[in-house]
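Below is input_33.cif, which holds mmCIF, C-alpha atoms and all ligand atoms.
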data_work
loop_
_atom_site.label_atom_id
_atom_site.label_comp_id
_atom_site.auth_asym_id
_atom_site.auth_seq_id
_atom_site.Cartn_x
_atom_site.Cartn_y
_atom_site.Cartn_z
CA MET A 1 0.00 0.00 0.00
CA THR A 2 1.48 3.38 -0.97
CA SER A 3 1.99 6.12 1.62
CA LYS A 4 -0.39 8.29 -0.36
CA LYS A 5 -3.08 5.66 0.05
CA ILE A 6 -2.33 5.24 3.78
CA ARG A 7 -2.66 9.00 4.39
CA GLN A 8 -5.95 9.12 2.46
CA LYS A 9 -7.31 5.97 4.12
CA TYR A 10 -6.65 7.47 7.55
CA LEU A 11 -8.44 10.72 6.69
CA ASP A 12 -11.38 8.82 5.12
CA PHE A 13 -11.62 6.36 8.03
CA PHE A 14 -12.17 9.17 10.50
CA LYS A 15 -14.32 11.17 8.09
CA ASP A 16 -16.63 8.13 7.94
CA ARG A 17 -16.78 8.33 11.74
CA GLY A 18 -17.98 11.93 11.79
CA HIS A 19 -14.70 13.86 11.62
CA ALA A 20 -14.12 17.01 9.57
CA ILE A 21 -10.89 16.87 7.53
CA ILE A 22 -8.90 20.05 8.22
CA PRO A 23 -5.73 21.18 6.38
CA SER A 24 -2.28 21.12 7.95
CA ALA A 25 -1.36 24.35 9.67
CA SER A 26 1.97 25.99 8.89
CA VAL A 27 5.04 24.32 10.39
CA MET A 28 5.92 27.74 11.86
CA PRO A 29 3.99 28.36 15.09
CA ASP A 30 1.53 31.22 15.39
CA ASN A 31 1.33 33.00 18.77
CA ASP A 32 3.09 30.08 20.44
CA SER A 33 6.55 30.52 21.88
CA SER A 34 6.73 27.03 23.45
CA THR A 35 8.63 25.55 20.49
CA LEU A 36 10.49 26.96 17.47
CA PHE A 37 8.47 24.76 15.09
CA ILE A 38 5.17 22.92 15.21
CA SER A 39 6.15 19.57 16.63
CA SER A 40 2.81 17.76 16.91
CA GLY A 41 -0.67 17.77 15.44
CA MET A 42 -2.37 19.22 18.52
CA GLN A 43 -0.16 22.26 18.83
CA PRO A 44 -2.02 24.58 16.44
CA LEU A 45 -5.29 23.45 18.07
CA ILE A 46 -4.53 24.27 21.74
CA PRO A 47 -7.29 26.91 22.15
CA TYR A 48 -9.89 24.33 21.08
CA LEU A 49 -8.56 21.71 23.51
CA LEU A 50 -9.02 24.34 26.21
CA GLY A 51 -12.66 24.86 25.26
CA GLU A 52 -12.90 27.38 22.41
CA LYS A 53 -15.36 26.23 19.68
CA HIS A 54 -13.70 25.05 16.47
CA PRO A 55 -15.63 26.15 13.34
CA ALA A 56 -15.42 22.62 11.87
CA GLY A 57 -16.96 20.93 14.93
CA THR A 58 -15.79 18.68 17.76
CA SER A 59 -14.24 15.82 15.73
CA LEU A 60 -11.29 16.73 13.52
CA VAL A 61 -8.77 14.79 11.46
CA ASN A 62 -5.68 15.91 9.55
CA SER A 63 -2.11 15.31 8.56
CA GLN A 64 0.02 18.00 10.19
CA LYS A 65 3.50 19.06 9.05
CA SER A 66 5.73 18.67 12.11
CA PHE A 67 9.41 19.16 12.94
CA ARG A 68 11.32 18.00 16.02
CA ALA A 69 14.73 19.64 16.31
CA GLU A 70 15.74 17.42 19.22
CA ASP A 71 15.95 14.45 16.87
CA ILE A 72 18.65 15.92 14.57
CA THR A 73 21.46 13.80 15.94
CA GLU A 74 19.29 10.67 16.17
CA VAL A 75 18.75 10.52 12.40
CA GLY A 76 20.59 7.55 10.94
CA ASP A 77 18.93 4.78 12.96
CA ASN A 78 15.85 3.05 11.56
CA ARG A 79 13.17 5.30 13.07
CA HIS A 80 14.17 8.90 13.73
CA ILE A 81 13.54 11.82 11.42
CA THR A 82 13.29 15.53 12.08
CA PHE A 83 10.41 16.43 9.78
CA PHE A 84 7.37 14.18 9.72
CA GLU A 85 3.70 14.14 8.92
CA MET A 86 1.59 13.61 12.02
CA LEU A 87 -1.67 11.82 11.30
CA GLY A 88 -4.01 13.15 13.93
CA ASN A 89 -7.61 12.82 15.05
CA LEU A 90 -9.02 15.00 17.76
CA SER A 91 -12.08 14.90 19.91
CA LEU A 92 -12.81 18.30 21.41
CA GLY A 93 -15.07 17.26 24.26
CA GLY A 94 -16.83 14.61 22.14
CA TYR A 95 -15.82 10.93 22.07
CA PHE A 96 -13.25 9.51 24.49
CA LYS A 97 -11.42 6.27 25.31
CA LYS A 98 -14.07 3.72 24.43
CA GLU A 99 -14.34 5.04 20.87
CA GLN A 100 -10.72 6.07 20.28
CA LEU A 101 -8.93 2.86 21.22
CA PRO A 102 -11.12 0.46 19.19
CA TRP A 103 -11.05 2.85 16.20
CA ILE A 104 -7.29 3.15 16.08
CA PHE A 105 -6.80 -0.61 16.39
CA GLU A 106 -9.41 -1.13 13.66
CA PHE A 107 -7.59 1.32 11.42
CA LEU A 108 -4.23 -0.38 11.94
CA THR A 109 -5.47 -3.96 11.59
CA ALA A 110 -8.53 -3.92 9.30
CA GLU A 111 -7.55 -0.97 7.07
CA LEU A 112 -3.77 -1.39 6.95
CA GLY A 113 -3.67 -5.12 7.53
CA LEU A 114 -1.22 -5.09 10.47
CA ASP A 115 -1.04 -8.34 12.41
CA ILE A 116 -2.57 -7.76 15.87
CA GLY A 117 -0.10 -10.28 17.26
CA ARG A 118 2.66 -7.74 16.61
CA LEU A 119 0.92 -4.91 18.43
CA TYR A 120 1.61 -4.04 22.09
CA ALA A 121 0.03 -1.28 24.16
CA THR A 122 1.19 0.93 27.01
CA VAL A 123 -0.86 2.95 29.50
CA PHE A 124 -0.26 5.43 32.33
CA ARG A 125 0.77 3.80 35.62
CA GLY A 126 -0.84 6.56 37.72
CA ASP A 127 0.92 9.07 39.94
CA ALA A 128 -0.23 9.94 43.43
CA ASP A 129 1.86 13.13 43.44
CA ILE A 130 -0.30 14.66 40.72
CA GLY A 131 -3.51 12.93 41.78
CA VAL A 132 -4.02 11.00 38.55
CA ASP A 133 -4.95 7.33 38.78
CA LYS A 134 -3.67 4.31 36.92
CA ASP A 135 -5.52 4.11 33.58
CA LYS A 136 -7.48 0.92 34.24
CA GLU A 137 -10.31 2.02 31.96
CA SER A 138 -8.02 1.95 28.92
CA VAL A 139 -6.67 -1.44 30.00
CA GLU A 140 -10.17 -2.96 30.04
CA ILE A 141 -10.90 -1.55 26.59
CA LEU A 142 -7.55 -2.79 25.27
CA LYS A 143 -8.04 -6.26 26.73
CA ASN A 144 -11.36 -6.52 24.88
CA ILE A 145 -9.82 -5.38 21.62
CA PHE A 146 -7.20 -8.14 21.84
CA LYS A 147 -9.78 -10.68 23.07
CA ASN A 148 -12.02 -10.00 20.07
CA LYS A 149 -9.05 -10.98 17.90
CA GLY A 150 -8.45 -14.16 19.90
CA LEU A 151 -5.56 -12.91 22.07
CA VAL A 152 -5.36 -12.91 25.85
CA ALA A 153 -3.66 -9.62 26.74
CA LYS A 154 -1.82 -9.79 30.04
CA ASP A 155 -1.26 -6.38 31.71
CA LEU A 156 1.95 -5.86 33.65
CA ASP A 157 3.77 -3.04 35.33
CA PHE A 158 6.82 -1.95 33.37
CA SER A 159 10.12 -3.16 34.72
CA GLU A 160 13.18 -2.66 32.60
CA ARG A 161 15.08 -5.43 34.36
CA ASP A 162 12.39 -8.07 33.86
CA GLY A 163 11.58 -7.60 30.18
CA LEU A 164 8.34 -8.59 28.48
CA ARG A 165 7.29 -11.57 30.67
CA GLY A 166 4.51 -12.54 28.27
CA GLY A 167 2.76 -9.21 28.71
CA ARG A 168 0.81 -7.36 26.02
CA ILE A 169 -0.22 -4.19 27.89
CA PHE A 170 2.32 -2.37 30.07
CA TYR A 171 1.95 0.37 32.68
CA TYR A 172 4.61 3.06 32.45
CA PRO A 173 5.30 6.24 34.45
CA ALA A 174 4.70 9.80 33.24
CA GLY A 175 8.10 9.94 31.53
CA LYS A 176 6.62 7.62 28.90
CA ASN A 177 2.83 7.72 29.17
CA TRP A 178 1.91 11.31 29.80
CA TRP A 179 1.74 13.80 26.99
CA SER A 180 1.70 17.56 26.83
CA ARG A 181 3.35 20.14 24.61
CA SER A 182 5.94 20.67 27.33
CA GLY A 183 6.43 17.03 28.30
CA VAL A 184 6.05 15.52 31.77
CA PRO A 185 3.75 17.08 34.44
CA ALA A 186 6.65 18.75 36.28
CA ASN A 187 7.67 20.67 33.14
CA MET A 188 4.20 21.97 32.31
CA PRO A 189 3.53 25.66 32.99
CA PRO A 190 0.22 26.61 34.66
CA GLY A 191 -2.61 26.65 32.12
CA GLU A 192 -1.07 23.92 29.95
CA PRO A 193 -3.34 21.01 28.95
CA GLY A 194 -2.08 17.44 29.10
CA GLY A 195 -3.02 13.94 30.08
CA PRO A 196 -2.18 10.26 30.26
CA ASP A 197 -1.73 8.48 26.98
CA SER A 198 -1.94 5.00 25.54
CA GLU A 199 0.68 4.13 22.94
CA ILE A 200 0.78 1.31 20.41
CA PHE A 201 4.06 -0.38 19.54
CA TYR A 202 4.79 -2.63 16.59
CA ASP A 203 7.12 -5.58 17.11
CA LEU A 204 9.58 -5.73 14.22
CA GLY A 205 10.83 -9.09 15.51
CA ALA A 206 13.17 -10.38 18.19
CA ASP A 207 15.97 -10.79 15.67
CA LEU A 208 15.97 -7.08 14.89
CA LYS A 209 18.32 -6.03 17.64
CA LYS A 210 20.32 -3.94 15.22
CA HIS A 211 21.69 -1.41 17.59
CA GLU A 212 24.58 -3.18 19.17
CA ASN A 213 25.73 0.04 20.81
CA SER A 214 22.37 0.66 22.41
CA PRO A 215 22.45 0.81 26.21
CA TRP A 216 19.84 -1.94 25.95
CA ALA A 217 21.99 -4.39 24.00
CA GLY A 218 22.14 -7.57 26.05
CA GLU A 219 19.33 -6.40 28.40
CA PRO A 220 15.86 -7.93 28.33
CA CYS A 221 13.67 -6.13 25.80
CA HIS A 222 10.66 -4.06 26.69
CA VAL A 223 8.54 -2.06 24.32
CA ASN A 224 10.11 1.34 25.13
CA CYS A 225 13.70 0.13 25.32
CA ASP A 226 14.95 1.67 22.06
CA CYS A 227 17.00 -1.32 20.97
CA GLY A 228 15.29 -1.20 17.59
CA ARG A 229 12.91 -4.13 18.03
CA PHE A 230 9.74 -2.20 18.95
CA ILE A 231 8.59 0.99 17.30
CA GLU A 232 5.92 3.34 18.59
CA ILE A 233 3.40 3.96 15.84
CA ALA A 234 0.39 5.51 17.57
CA ASN A 235 -0.34 7.66 20.60
CA SER A 236 -3.83 8.36 21.95
CA VAL A 237 -3.59 11.16 24.48
CA PHE A 238 -6.55 11.51 26.82
CA MET A 239 -6.20 15.19 27.37
CA GLU A 240 -8.50 15.98 30.23
CA PHE A 241 -6.21 17.82 32.67
CA LYS A 242 -4.87 21.33 33.03
CA LYS A 243 -1.87 22.33 35.12
CA THR A 244 -2.66 24.88 37.83
CA ALA A 245 -0.40 26.80 40.20
CA SER A 246 -0.85 24.06 42.82
CA GLY A 247 -1.32 20.85 40.81
CA PHE A 248 -3.83 19.65 38.25
CA GLU A 249 -7.51 20.18 37.61
CA LYS A 250 -9.89 18.64 35.09
CA LEU A 251 -10.44 20.62 31.90
CA LYS A 252 -14.05 21.51 31.21
CA GLN A 253 -14.08 18.89 28.45
CA GLN A 254 -12.53 15.45 27.90
CA ASN A 255 -10.41 15.56 24.74
CA VAL A 256 -8.67 12.97 22.63
CA ASP A 257 -5.46 14.00 20.90
CA PHE A 258 -4.25 11.18 18.69
CA GLY A 259 -0.91 11.39 16.89
CA GLY A 260 0.79 8.82 14.69
CA GLY A 261 3.74 9.53 12.38
CA LEU A 262 2.84 8.73 8.77
CA GLU A 263 6.44 7.66 8.11
CA ARG A 264 6.47 5.05 10.90
CA ILE A 265 2.99 3.77 10.09
CA THR A 266 3.99 3.47 6.42
CA MET A 267 7.17 1.65 7.42
CA VAL A 268 5.33 -1.14 9.23
CA ALA A 269 2.48 -1.25 6.69
CA GLN A 270 5.00 -1.65 3.86
CA GLY A 271 6.77 -4.44 5.74
CA VAL A 272 10.19 -2.74 5.97
CA ASP A 273 12.18 -2.05 9.11
CA ASN A 274 13.54 1.37 8.24
CA ILE A 275 11.62 4.59 7.52
CA PHE A 276 14.02 5.43 4.67
CA GLU A 277 13.05 2.25 2.85
CA THR A 278 9.43 3.39 2.45
CA ASP A 279 8.10 4.96 -0.73
CA LEU A 280 8.09 8.33 1.08
CA PHE A 281 11.86 8.45 0.61
CA SER A 282 12.54 6.35 -2.47
CA ASN A 283 12.85 9.20 -5.01
CA ILE A 284 15.00 11.21 -2.60
CA ILE A 285 17.31 8.25 -1.92
CA ASN A 286 17.56 7.56 -5.68
CA GLY A 287 18.44 11.23 -6.22
CA ILE A 288 21.29 11.04 -3.69
CA SER A 289 22.50 7.86 -5.36
CA ARG A 290 22.54 9.57 -8.78
CA LEU A 291 24.43 12.58 -7.44
CA SER A 292 27.00 10.57 -5.49
CA GLY A 293 27.34 7.49 -7.66
CA LYS A 294 27.09 5.47 -4.41
CA LYS A 295 24.64 2.86 -3.20
CA TYR A 296 22.28 3.51 -0.27
CA ARG A 297 22.92 0.04 1.21
CA ASP A 298 26.66 0.77 1.51
CA ASN A 299 26.26 4.26 3.04
CA MET A 300 22.98 4.21 4.92
CA LYS A 301 23.78 6.77 7.60
CA GLU A 302 25.02 9.43 5.13
CA PHE A 303 22.06 8.89 2.78
CA GLU A 304 19.56 9.06 5.63
CA ILE A 305 20.97 12.27 7.10
CA ILE A 306 21.02 13.98 3.72
CA ALA A 307 17.51 12.74 2.85
CA ASP A 308 16.02 13.76 6.19
CA HIS A 309 17.68 17.15 6.45
CA LEU A 310 17.00 18.30 2.90
CA ARG A 311 13.39 17.11 3.06
CA ALA A 312 12.97 19.03 6.33
CA VAL A 313 14.43 22.29 5.03
CA THR A 314 12.40 22.07 1.84
CA PHE A 315 9.24 21.93 3.96
CA ILE A 316 10.42 24.69 6.33
CA MET A 317 11.68 27.11 3.66
CA GLY A 318 8.83 26.11 1.32
CA ASP A 319 6.14 26.93 3.88
CA ASP A 320 4.06 30.03 3.10
CA LYS A 321 5.58 31.46 6.29
CA GLY A 322 8.94 29.90 5.47
CA ILE A 323 12.20 31.29 6.75
CA ALA A 324 15.75 31.57 5.46
CA PRO A 325 18.97 30.18 6.99
CA ALA A 326 20.34 32.48 9.71
CA ASN A 327 22.63 32.50 12.71
CA THR A 328 19.91 32.44 15.38
CA GLY A 329 16.54 30.87 16.23
CA GLN A 330 14.58 28.96 13.59
CA GLY A 331 16.96 30.12 10.84
CA TYR A 332 19.89 28.64 12.73
CA LEU A 333 18.30 25.20 12.65
CA VAL A 334 17.68 25.54 8.92
CA ARG A 335 21.34 26.51 8.44
CA ARG A 336 22.50 23.61 10.60
CA LEU A 337 20.40 21.09 8.64
CA ILE A 338 21.63 22.36 5.25
CA ARG A 339 25.27 22.40 6.33
CA ARG A 340 25.07 18.94 7.88
CA ALA A 341 23.55 17.64 4.62
CA ILE A 342 26.35 19.25 2.59
CA ARG A 343 28.99 17.85 4.93
CA TYR A 344 27.62 14.32 4.62
CA GLY A 345 27.30 14.88 0.86
CA ARG A 346 31.04 15.62 0.74
CA GLN A 347 31.66 12.45 2.72
CA LEU A 348 29.73 10.57 0.05
CA GLY A 349 31.88 12.21 -2.61
CA ILE A 350 29.25 14.50 -4.15
CA THR A 351 31.33 16.95 -6.14
CA ASP A 352 28.63 18.84 -8.08
CA ASP A 353 28.33 22.52 -7.27
CA LEU A 354 25.03 23.58 -5.71
CA TRP A 355 23.54 20.08 -5.65
CA THR A 356 21.17 20.35 -2.69
CA LYS A 357 18.50 22.05 -4.82
CA GLU A 358 18.17 18.84 -6.87
CA ILE A 359 16.92 17.01 -3.77
CA ALA A 360 14.60 19.90 -2.90
CA LYS A 361 13.05 19.68 -6.38
CA THR A 362 12.39 15.98 -5.81
CA VAL A 363 10.75 16.69 -2.44
CA ALA A 364 8.51 19.36 -4.00
CA HIS A 365 7.63 17.02 -6.87
CA ASP A 366 6.69 14.20 -4.50
CA TYR A 367 4.66 16.24 -2.01
CA GLN A 368 3.12 19.20 -3.82
CA GLU A 369 -0.15 17.45 -4.53
CA ILE A 370 -0.73 17.14 -0.76
CA TYR A 371 1.08 20.34 0.28
CA PRO A 372 0.57 22.78 -2.64
CA GLU A 373 2.68 25.48 -0.95
CA LEU A 374 5.76 23.45 -1.92
CA GLY A 375 4.92 23.94 -5.60
CA ARG A 376 4.24 27.65 -5.05
CA ASN A 377 7.46 28.24 -3.13
CA ILE A 378 10.00 25.88 -4.69
CA ASN A 379 11.82 28.63 -6.61
CA LYS A 380 12.40 30.51 -3.36
CA VAL A 381 13.71 27.28 -1.76
CA ILE A 382 16.11 26.72 -4.68
CA GLU A 383 17.50 30.25 -4.42
CA LEU A 384 17.99 29.97 -0.64
CA LEU A 385 19.74 26.61 -0.99
CA LYS A 386 22.05 27.94 -3.71
CA GLU A 387 22.99 30.94 -1.56
CA GLU A 388 23.59 28.84 1.56
CA GLU A 389 25.63 26.25 -0.29
CA ALA A 390 27.83 28.94 -1.85
CA LYS A 391 28.33 30.61 1.54
CA PHE A 392 29.22 27.32 3.21
CA SER A 393 31.71 26.38 0.48
CA LYS A 394 33.40 29.74 0.91
CA THR A 395 33.56 29.26 4.69
CA LEU A 396 35.05 25.79 4.23
CA GLU A 397 37.64 27.04 1.73
CA GLN A 398 38.65 29.85 4.06
CA GLY A 399 38.89 27.40 6.95
CA LEU A 400 41.12 25.07 4.93
CA LYS A 401 43.39 27.97 3.91
CA GLU A 402 43.71 29.02 7.56
CA LEU A 403 44.55 25.44 8.47
CA GLU A 404 47.22 25.30 5.74
CA LYS A 405 48.79 28.48 7.13
CA MET A 406 48.74 27.11 10.67
CA LYS A 407 50.02 23.64 9.78
CA PRO A 408 53.83 24.20 10.08
CA LYS A 409 53.46 25.89 13.50
CA PHE A 410 51.00 23.30 14.68
CA ILE A 411 53.13 20.37 13.55
CA SER A 412 56.19 21.70 15.34
CA ALA A 413 54.10 22.23 18.49
CA VAL A 414 52.41 18.81 18.63
CA GLY A 415 54.66 16.65 16.48
CA VAL A 416 53.78 14.93 13.19
CA GLY A 417 52.74 11.62 14.77
CA SER A 418 50.30 13.30 17.09
CA LEU A 419 48.83 15.47 14.30
CA SER A 420 48.16 12.54 12.01
CA ALA A 421 46.63 10.51 14.82
CA LYS A 422 44.32 13.34 15.85
CA SER A 423 43.20 14.65 12.49
CA GLY A 424 43.39 11.63 10.24
CA ILE A 425 45.68 13.56 7.82
N1 LIG A 501 0.10 14.73 20.43
C1 LIG A 501 0.43 13.40 20.58
C2 LIG A 501 1.79 13.04 20.11
O1 LIG A 501 2.48 13.88 19.54
O2 LIG A 501 2.22 11.93 20.28
#
Would you write the structure of this file as structure tokens?
Ligand code: GLY
Amino acid sequence: MTSKKIRQKYLDFFKDRGHAIIPSASVMPDNDSSTLFISSGMQPLIPYLLGEKHPAGTSLVNSQKSFRAEDITEVGDNRHITFFEMLGNLSLGGYFKKEQLPWIFEFLTAELGLDIGRLYATVFRGDADIGVDKDKESVEILKNIFKNKGLVAKDLDFSERDGLRGGRIFYYPAGKNWWSRSGVPANMPPGEPGGPDSEIFYDLGADLKKHENSPWAGEPCHVNCDCGRFIEIANSVFMEFKKTASGFEKLKQQNVDFGGGLERITMVAQGVDNIFETDLFSNIINGISRLSGKKYRDNMKEFEIIADHLRAVTFIMGDDKGIAPANTGQGYLVRRLIRRAIRYGRQLGITDDLWTKEIAKTVAHDYQEIYPELGRNINKVIELLKEEEAKFSKTLEQGLKELEKMKPKFISAVGVGSLSAKSGI
């Protein structure tokens, strides 16, 4: 099933269940200083989660352009990307757990054909300090979902030392199963909405312990352990709380904020174990291969960083509110992504001048039907990439000249052996 079909199926599935399809908001936040970029589907909809009436009603569905800067250095494993499309359905004081959980499992299994035997769920363990109970209601609903598919779902408290122990539903603390724009309860400012969540993980298989350097290598696996075996594909947040000066109170409405990354959902639906092997990236990866003359399989990390970073900046600079590379704030992140991509391009041996625009054109070509602003703004993106690439080349050349000038002094100070060991010269 193509990613285009998966996106459309998701929107149609929730439309058939009374949701209004709304367009993605800009990836640049509006009146929201909590993050530099929109990093989840609910973020542009905060006023409505707090009780304002949304013109399209109480049930909404969309695919929201999102960017998470904190994942920049994680790119290059099988699951992390900086820019992603967040499939999201929201209930603004309408339906709640007993509708949301069965719907999302139905979507994943009946619509996308995922094997229920590979799905695991997590729920909030409860926290007396904030006065929020263990989410037993979700557990009962989840047990029934599995039972209706012929599976007995054992619920267990999470324990990293003990591993899976035949469990199917796990209770985790707020660090994993609480969601708000600012993270765990302690980090939420007064007025911020948040709540416990229930996540769905897909089991890629016990043999997929790829990440030998993971702190979890050799430890018993559990669904959140990050060894590469399990991947989170869906998160239903039951957003019914608001932080106050002294603790938490119930919001005036019970909301659902569901978020699932299209890239991860596509990965498992297409039966691959790496986001970059989905059709969402195939033209971009082929483009890098053409430019470098190298194969993806032999240089996965470099390809993935270039693909992720140039896709992200094309969406950020190609937004109607797009911004240019700069030395501070949002522009600094754009600059960092472009320069990292160029650096890894050099490592791959890409020698063409001003090559990054070729990848941007591919991104615009692949996505403009869904995000028409990319078609409207691609010429601006190309110009900005050309300028930034030229600037960076000049900086690199100057740096190399400086290094050449310094080399004799440096060598006499540290000795030739030490210089070659340290710099790889
Ligand atoms: N808003 C839910 C999530 O980003 O996972």
**Message:** Within 6 Å of ligand LIG 501 (chain A) (counting only C-alpha atoms and all ligand atoms), which residues show up? I'd like them as a list of chain:residue names.
**Reply:** A:Ser40, A:Gly41, A:Met42, A:Asn235, A:Asp257, A:Phe258, A:Gly259
**Item:** Tyr120 (chain A) surroundings by all atoms listed in the file, 8 Å radius, close-in-sequence under 5 positions cut, as a PyMOL selection string
**Value:** chain A and resi 168-169+200-203+223
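Counting all atoms listed in the file, the residue from A:Ile342, A:Tyr48, A:Phe67, A:Tyr367 that sits nearest to Pro29 (chain A) is A:Phe67.
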Sphere at (2.8, 7.3, 33.1), radius 12 Å, counting all atoms listed in the file: residues as an mmCIF file with C-alpha atoms, in the coordinates of the input:
data_model
loop_
_atom_site.group_PDB
_atom_site.id
_atom_site.type_symbol
_atom_site.label_atom_id
_atom_site.label_comp_id
_atom_site.auth_asym_id
_atom_site.auth_seq_id
_atom_site.Cartn_x
_atom_site.Cartn_y
_atom_site.Cartn_z
ATOM 1 C CA THR A 122 1.190 0.930 27.010
ATOM 2 C CA VAL A 123 -0.860 2.950 29.500
ATOM 3 C CA PHE A 124 -0.260 5.430 32.330
ATOM 4 C CA ARG A 125 0.770 3.800 35.620
ATOM 5 C CA GLY A 126 -0.840 6.560 37.720
ATOM 6 C CA ASP A 127 0.920 9.070 39.940
ATOM 7 C CA ALA A 128 -0.230 9.940 43.430
ATOM 8 C CA ASP A 129 1.860 13.130 43.440
ATOM 9 C CA ILE A 130 -0.300 14.660 40.720
ATOM 10 C CA VAL A 132 -4.020 11.000 38.550
ATOM 11 C CA ASP A 133 -4.950 7.330 38.780
ATOM 12 C CA LYS A 134 -3.670 4.310 36.920
ATOM 13 C CA ASP A 135 -5.520 4.110 33.580
ATOM 14 C CA ASP A 157 3.770 -3.040 35.330
ATOM 15 C CA PHE A 158 6.820 -1.950 33.370
ATOM 16 C CA PHE A 170 2.320 -2.370 30.070
ATOM 17 C CA TYR A 171 1.950 0.370 32.680
ATOM 18 C CA TYR A 172 4.610 3.060 32.450
ATOM 19 C CA PRO A 173 5.300 6.240 34.450
ATOM 20 C CA ALA A 174 4.700 9.800 33.240
ATOM 21 C CA GLY A 175 8.100 9.940 31.530
ATOM 22 C CA LYS A 176 6.620 7.620 28.900
ATOM 23 C CA ASN A 177 2.830 7.720 29.170
ATOM 24 C CA TRP A 178 1.910 11.310 29.800
ATOM 25 C CA TRP A 179 1.740 13.800 26.990
ATOM 26 C CA GLY A 183 6.430 17.030 28.300
ATOM 27 C CA VAL A 184 6.050 15.520 31.770
ATOM 28 C CA PRO A 185 3.750 17.080 34.440
ATOM 29 C CA GLY A 194 -2.080 17.440 29.100
ATOM 30 C CA GLY A 195 -3.020 13.940 30.080
ATOM 31 C CA PRO A 196 -2.180 10.260 30.260
ATOM 32 C CA ASP A 197 -1.730 8.480 26.980
ATOM 33 C CA SER A 198 -1.940 5.000 25.540
ATOM 34 C CA GLU A 199 0.680 4.130 22.940
ATOM 35 C CA VAL A 237 -3.590 11.160 24.480
#
**Message:** Within 9 Å of (3.9, 8.1, 16.1) (file coordinates; all atoms listed in the file), which protein or nucleic acid residues are there? I'd like them as number ranges by chain.
**Reply:** A: 86-87, 199-200, 231-235, 259-265
**Asked** Smallest atom-to-atom distance to Lys301 (chain A): which of A:Ile316, A:Ala341, A:Cys225, A:Leu90, using only C-alpha atoms?
**Response**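 Once distances to Lys301 (chain A) are computed over only C-alpha atoms, the minimum belongs to A:Ala341.
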**Among the residues A:Leu337, A:Leu374, A:Leu384, A:Leu45, the one that comes closest to Thr73 (chain A) [using only C-alpha atoms]** =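 For Thr73 (chain A), the nearest of the candidates is A:Leu337.
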**Message:** Taking 3 positions as the minimum chain separation for residues in the same chain, which residues sit within 12 Å of Ile350 (chain A) when counting all atoms listed in the file? Answer as a list in words.
**Reply:** Gly287, Ile288, Ser289, Arg290, Leu291, Ser292, Gly293, Lys294, Glu302, Phe303, Ile306, Ala341, Ile342, Arg343, Tyr344, Gly345, Arg346, Gln347, Asp353, Leu354, Trp355 and Thr356 of chain A
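CA of Thr395 (chain A) sits 22.3 Å away from CA of Ile359 (chain A).
For the choices A:Lys147, A:Arg118, A:Lys65, A:Lys4, the atom-to-atom distance to Thr314 (chain A) is smallest for A:Lys65 when using only C-alpha atoms.
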**Message:** Taking all atoms listed in the file into account, name the residue in A:Leu50, A:Ile6, A:Arg229, A:Trp103 that is nearest to Phe241 (chain A).
**Reply:**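 Checking each candidate against Phe241 (chain A), we get A:Leu50 as the closest.
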**Request:** Provide the CA of Gly166 (chain A) to CA of Asn144 (chain A) distance in Å, to one decimal place.
**Result:**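 Spanning CA of Gly166 (chain A) to CA of Asn144 (chain A) is a straight-line distance of 17.3 Å.
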**Asked** Leaving out Thr2 (chain A) and any residue of its chain fewer than 5 positions from it, which residues lie within 12 Å of it when counting all atoms listed in the file, given as a count of residues only?
**Response** 18
**Message:** I need the residue nearest Ala312 (chain A) from this list: A:Ile370, A:Met239, A:Ile72, A:Ala206. Use all atoms listed in the file for the distance.
**Reply:**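 Distance minimum relative to Ala312 (chain A) lands on A:Ile72.
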